[in-house]
$ cat work32.pdb   # PDB, C-alpha atoms, pLDDT in the B column
ATOM      1  CA  MET A   1      25.978  54.663  10.734  1.00 56.00           C
ATOM      2  CA  ILE A   2      25.609  52.426  13.777  1.00 70.00           C
ATOM      3  CA  GLY A   3      25.898  49.051  12.070  1.00 71.00           C
ATOM      4  CA  GLY A   4      24.404  46.652   9.621  1.00 76.00           C
ATOM      5  CA  ASP A   5      21.302  44.553  10.043  1.00 75.00           C
ATOM      6  CA  GLY A   6      22.509  42.157   7.377  1.00 78.00           C
ATOM      7  CA  ILE A   7      22.905  41.376   3.716  1.00 87.00           C
ATOM      8  CA  LYS A   8      20.055  39.503   2.094  1.00 87.00           C
ATOM      9  CA  ASP A   9      19.523  38.078  -1.369  1.00 89.00           C
ATOM     10  CA  LEU A  10      23.209  38.316  -2.345  1.00 93.00           C
ATOM     11  CA  GLN A  11      23.657  36.906  -5.850  1.00 95.00           C
ATOM     12  CA  PHE A  12      26.793  36.724  -7.971  1.00 96.00           C
ATOM     13  CA  ARG A  13      25.342  36.569 -11.494  1.00 96.00           C
ATOM     14  CA  HIS A  14      28.483  36.659 -13.698  1.00 96.00           C
ATOM     15  CA  PRO A  15      32.223  36.320 -13.078  1.00 96.00           C
ATOM     16  CA  VAL A  16      34.378  39.436 -12.740  1.00 96.00           C
ATOM     17  CA  TYR A  17      37.863  39.514 -14.254  1.00 96.00           C
ATOM     18  CA  PRO A  18      40.940  41.739 -13.880  1.00 97.00           C
ATOM     19  CA  ASP A  19      40.524  44.986 -15.851  1.00 97.00           C
ATOM     20  CA  ASP A  20      36.703  44.777 -15.809  1.00 97.00           C
ATOM     21  CA  THR A  21      35.024  48.119 -15.167  1.00 98.00           C
ATOM     22  CA  LEU A  22      32.212  47.935 -12.632  1.00 98.00           C
ATOM     23  CA  THR A  23      29.472  50.494 -12.096  1.00 98.00           C
ATOM     24  CA  GLY A  24      27.197  50.318  -9.083  1.00 98.00           C
ATOM     25  CA  SER A  25      23.951  51.770  -7.868  1.00 97.00           C
ATOM     26  CA  LEU A  26      21.886  51.664  -4.674  1.00 96.00           C
ATOM     27  CA  THR A  27      18.168  52.358  -4.336  1.00 97.00           C
ATOM     28  CA  VAL A  28      16.517  53.037  -0.984  1.00 97.00           C
ATOM     29  CA  THR A  29      13.568  50.659  -0.715  1.00 97.00           C
ATOM     30  CA  ALA A  30      12.472  51.202   2.901  1.00 96.00           C
ATOM     31  CA  ILE A  31      12.998  53.575   5.830  1.00 95.00           C
ATOM     32  CA  ASN A  32      11.834  52.446   9.269  1.00 93.00           C
ATOM     33  CA  PHE A  33      12.045  54.916  12.143  1.00 91.00           C
ATOM     34  CA  GLU A  34      12.704  53.608  15.663  1.00 87.00           C
ATOM     35  CA  THR A  35      11.768  56.623  17.777  1.00 85.00           C
ATOM     36  CA  GLU A  36      12.573  55.131  21.167  1.00 85.00           C
ATOM     37  CA  ARG A  37      16.111  54.213  20.062  1.00 86.00           C
ATOM     38  CA  LYS A  38      16.727  57.409  18.051  1.00 88.00           C
ATOM     39  CA  ARG A  39      17.722  55.454  14.996  1.00 91.00           C
ATOM     40  CA  VAL A  40      16.530  54.639  11.507  1.00 93.00           C
ATOM     41  CA  LEU A  41      16.759  51.320   9.655  1.00 93.00           C
ATOM     42  CA  ILE A  42      17.395  51.981   5.965  1.00 94.00           C
ATOM     43  CA  THR A  43      17.070  49.166   3.429  1.00 96.00           C
ATOM     44  CA  TYR A  44      18.723  49.370   0.004  1.00 95.00           C
ATOM     45  CA  THR A  45      18.811  47.208  -3.089  1.00 97.00           C
ATOM     46  CA  GLY A  46      21.992  47.397  -5.091  1.00 97.00           C
ATOM     47  CA  GLU A  47      23.617  46.107  -8.217  1.00 97.00           C
ATOM     48  CA  LEU A  48      26.954  46.085  -9.999  1.00 97.00           C
ATOM     49  CA  LEU A  49      27.180  46.101 -13.799  1.00 98.00           C
ATOM     50  CA  ASN A  50      30.262  45.331 -15.867  1.00 97.00           C
ATOM     51  CA  GLN A  51      31.342  47.197 -18.988  1.00 97.00           C
ATOM     52  CA  ARG A  52      29.066  44.956 -21.083  1.00 96.00           C
ATOM     53  CA  GLU A  53      26.031  46.055 -18.989  1.00 96.00           C
ATOM     54  CA  GLU A  54      25.798  42.553 -17.475  1.00 97.00           C
ATOM     55  CA  ARG A  55      24.494  42.528 -13.917  1.00 97.00           C
ATOM     56  CA  VAL A  56      27.337  40.808 -12.043  1.00 98.00           C
ATOM     57  CA  LEU A  57      26.020  41.259  -8.479  1.00 97.00           C
ATOM     58  CA  ILE A  58      22.712  42.081  -6.821  1.00 97.00           C
ATOM     59  CA  LEU A  59      21.931  42.397  -3.124  1.00 96.00           C
ATOM     60  CA  THR A  60      19.668  43.808  -0.468  1.00 96.00           C
ATOM     61  CA  ILE A  61      21.296  45.379   2.590  1.00 95.00           C
ATOM     62  CA  SER A  62      19.946  47.069   5.729  1.00 94.00           C
ATOM     63  CA  VAL A  63      21.855  49.506   7.961  1.00 93.00           C
ATOM     64  CA  TYR A  64      21.033  51.377  11.147  1.00 92.00           C
ATOM     65  CA  VAL A  65      21.703  55.122  11.199  1.00 91.00           C
ATOM     66  CA  GLN A  66      21.601  57.088  14.444  1.00 89.00           C
ATOM     67  CA  THR A  67      19.779  60.387  14.468  1.00 84.00           C
ATOM     68  CA  ASN A  68      19.767  63.137  17.070  1.00 78.00           C
ATOM     69  CA  ASN A  69      17.182  65.093  15.122  1.00 64.00           C
ATOM     70  CA  GLN A  70      13.805  64.333  16.736  1.00 57.00           C
ATOM     71  CA  ALA A  71      11.993  66.027  13.842  1.00 55.00           C
ATOM     72  CA  ALA A  72      13.468  63.463  11.442  1.00 53.00           C
ATOM     73  CA  ILE A  73      12.000  60.644  13.513  1.00 48.00           C
ATOM     74  CA  ASP A  74       8.537  62.170  14.098  1.00 53.00           C
TER      75      ASP A  74
END

$ encode --input "work32.pdb" --output "structure tokens"
Amino acid sequence: MIGGDGIKDLQFRHPVYPDDTLTGSLTVTAINFETERKRVLITYTGELLNQREERVLILTISVYVQTNNQAAID
């Protein structure tokens, strides 16, 4: 990973307390190839659920990943 492009749409939906159990997931929502820079911008949406299946956090995040594999970019 090269670095982040930013966090968007960050929402804290419910409080989290000591001893809560959190489960998270990420879903890739977009992949944008930047051939000239040999990198890929990957965008994810994510969420955290507590033990009661309440969505406590949602977000969208984008990160740059460097690639040396030209076939992956083409």

$ residues_around --input "work32.pdb" --residues "Pro15 in chain A" --least-positions-apart "6" --cutoff "12 Å" --atoms "only C-alpha atoms" --output "short mmCIF file (atom, residue, chain, number, x, y, z; two decimals) with C-alpha atoms, in the coordinates of the input"
data_model
loop_
_atom_site.label_atom_id
_atom_site.label_comp_id
_atom_site.auth_asym_id
_atom_site.auth_seq_id
_atom_site.Cartn_x
_atom_site.Cartn_y
_atom_site.Cartn_z
CA LEU A 22 32.21 47.94 -12.63
CA LEU A 48 26.95 46.08 -10.00
CA LEU A 49 27.18 46.10 -13.80
CA ASN A 50 30.26 45.33 -15.87
CA GLU A 54 25.80 42.55 -17.48
CA ARG A 55 24.49 42.53 -13.92
CA VAL A 56 27.34 40.81 -12.04
CA LEU A 57 26.02 41.26 -8.48
#

$ resolve_selection --input "work32.pdb" --expression "the PyMOL selection byres ((chain A and resi 8-12) around 10)" --output "list in words"
Asp5, Gly6, Ile7, Arg13, His14, Pro15, Val16, Thr45, Gly46, Glu47, Leu48, Arg55, Val56, Leu57, Ile58, Leu59, Thr60, Ile61 and Ser62 of chain A

$ closest_residue --input "work32.pdb" --among "A:Thr67, A:Glu53, A:Thr23, A:Pro18" --to "Glu36 in chain A" --atoms "all atoms listed in the file"
A:Thr67

$ closest_residue --input "work32.pdb" --among "A:Tyr17, A:Asn68, A:Val63, A:Gly3" --to "Asn32 in chain A" --atoms "all atoms listed in the file"
A:Val63

$ axis_aligned_box --input "work32.pdb" --around "range 7-14 of chain A" --padding-each-side "8 Å" --output "lines of an AutoDock Vina configuration file"
center_x = 24.0
center_y = 39.0
center_z = -5.0
size_x = 25.0
size_y = 20.8
size_z = 33.4

$ atom_distance --input "work32.pdb" --atom1 "CA of Thr21 in chain A" --atom2 "CA of Gln51 in chain A"
5.4 Å

$ atom_distance --input "work32.pdb" --atom1 "CA of Ser25 in chain A" --atom2 "CA of Val65 in chain A"
19.5 Å

$ atom_distance --input "work32.pdb" --atom1 "CA of Thr35 in chain A" --atom2 "CA of Ile2 in chain A"
15.0 Å

$ decode --input "work32.pdb" --residues "range 27-43 of chain A" --atoms "N, CA and C atoms" --output "PDB file, in the first residue's frame"
ATOM      1  N   THR A  27     -16.035  -4.378   1.801  1.00  0.00           N
ATOM      2  CA  THR A  27     -16.446  -4.771   0.466  1.00  0.00           C
ATOM      3  C   THR A  27     -15.787  -3.830  -0.535  1.00  0.00           C
ATOM      4  N   VAL A  28     -15.100  -4.390  -1.518  1.00  0.00           N
ATOM      5  CA  VAL A  28     -14.498  -3.567  -2.564  1.00  0.00           C
ATOM      6  C   VAL A  28     -15.620  -3.052  -3.464  1.00  0.00           C
ATOM      7  N   THR A  29     -15.685  -1.720  -3.605  1.00  0.00           N
ATOM      8  CA  THR A  29     -16.746  -1.126  -4.411  1.00  0.00           C
ATOM      9  C   THR A  29     -16.234  -0.521  -5.713  1.00  0.00           C
ATOM     10  N   ALA A  30     -14.916  -0.272  -5.796  1.00  0.00           N
ATOM     11  CA  ALA A  30     -14.358   0.279  -7.037  1.00  0.00           C
ATOM     12  C   ALA A  30     -12.861   0.006  -7.098  1.00  0.00           C
ATOM     13  N   ILE A  31     -12.375  -0.215  -8.317  1.00  0.00           N
ATOM     14  CA  ILE A  31     -10.945  -0.376  -8.589  1.00  0.00           C
ATOM     15  C   ILE A  31     -10.634   0.502  -9.791  1.00  0.00           C
ATOM     16  N   ASN A  32      -9.745   1.476  -9.583  1.00  0.00           N
ATOM     17  CA  ASN A  32      -9.368   2.395 -10.660  1.00  0.00           C
ATOM     18  C   ASN A  32      -7.872   2.279 -10.912  1.00  0.00           C
ATOM     19  N   PHE A  33      -7.520   1.839 -12.109  1.00  0.00           N
ATOM     20  CA  PHE A  33      -6.124   1.656 -12.487  1.00  0.00           C
ATOM     21  C   PHE A  33      -5.535   2.968 -12.984  1.00  0.00           C
ATOM     22  N   GLU A  34      -4.337   3.297 -12.517  1.00  0.00           N
ATOM     23  CA  GLU A  34      -3.599   4.467 -12.988  1.00  0.00           C
ATOM     24  C   GLU A  34      -2.313   3.963 -13.629  1.00  0.00           C
ATOM     25  N   THR A  35      -2.404   3.625 -14.912  1.00  0.00           N
ATOM     26  CA  THR A  35      -1.327   2.978 -15.644  1.00  0.00           C
ATOM     27  C   THR A  35      -0.029   3.769 -15.591  1.00  0.00           C
ATOM     28  N   GLU A  36      -0.107   5.054 -15.839  1.00  0.00           N
ATOM     29  CA  GLU A  36       1.106   5.872 -15.907  1.00  0.00           C
ATOM     30  C   GLU A  36       1.843   5.945 -14.566  1.00  0.00           C
ATOM     31  N   ARG A  37       1.135   5.761 -13.465  1.00  0.00           N
ATOM     32  CA  ARG A  37       1.766   5.823 -12.146  1.00  0.00           C
ATOM     33  C   ARG A  37       2.002   4.440 -11.539  1.00  0.00           C
ATOM     34  N   LYS A  38       1.635   3.395 -12.273  1.00  0.00           N
ATOM     35  CA  LYS A  38       1.778   2.012 -11.809  1.00  0.00           C
ATOM     36  C   LYS A  38       1.159   1.814 -10.425  1.00  0.00           C
ATOM     37  N   ARG A  39      -0.072   2.286 -10.310  1.00  0.00           N
ATOM     38  CA  ARG A  39      -0.774   2.115  -9.049  1.00  0.00           C
ATOM     39  C   ARG A  39      -2.265   1.930  -9.303  1.00  0.00           C
ATOM     40  N   VAL A  40      -2.939   1.471  -8.272  1.00  0.00           N
ATOM     41  CA  VAL A  40      -4.367   1.202  -8.328  1.00  0.00           C
ATOM     42  C   VAL A  40      -5.016   1.896  -7.135  1.00  0.00           C
ATOM     43  N   LEU A  41      -6.145   2.560  -7.370  1.00  0.00           N
ATOM     44  CA  LEU A  41      -6.925   3.144  -6.283  1.00  0.00           C
ATOM     45  C   LEU A  41      -8.086   2.196  -6.007  1.00  0.00           C
ATOM     46  N   ILE A  42      -8.111   1.652  -4.806  1.00  0.00           N
ATOM     47  CA  ILE A  42      -9.151   0.699  -4.404  1.00  0.00           C
ATOM     48  C   ILE A  42     -10.052   1.379  -3.381  1.00  0.00           C
ATOM     49  N   THR A  43     -11.356   1.322  -3.617  1.00  0.00           N
ATOM     50  CA  THR A  43     -12.328   1.914  -2.704  1.00  0.00           C
ATOM     51  C   THR A  43     -13.128   0.790  -2.042  1.00  0.00           C
TER      52      THR A  43
END
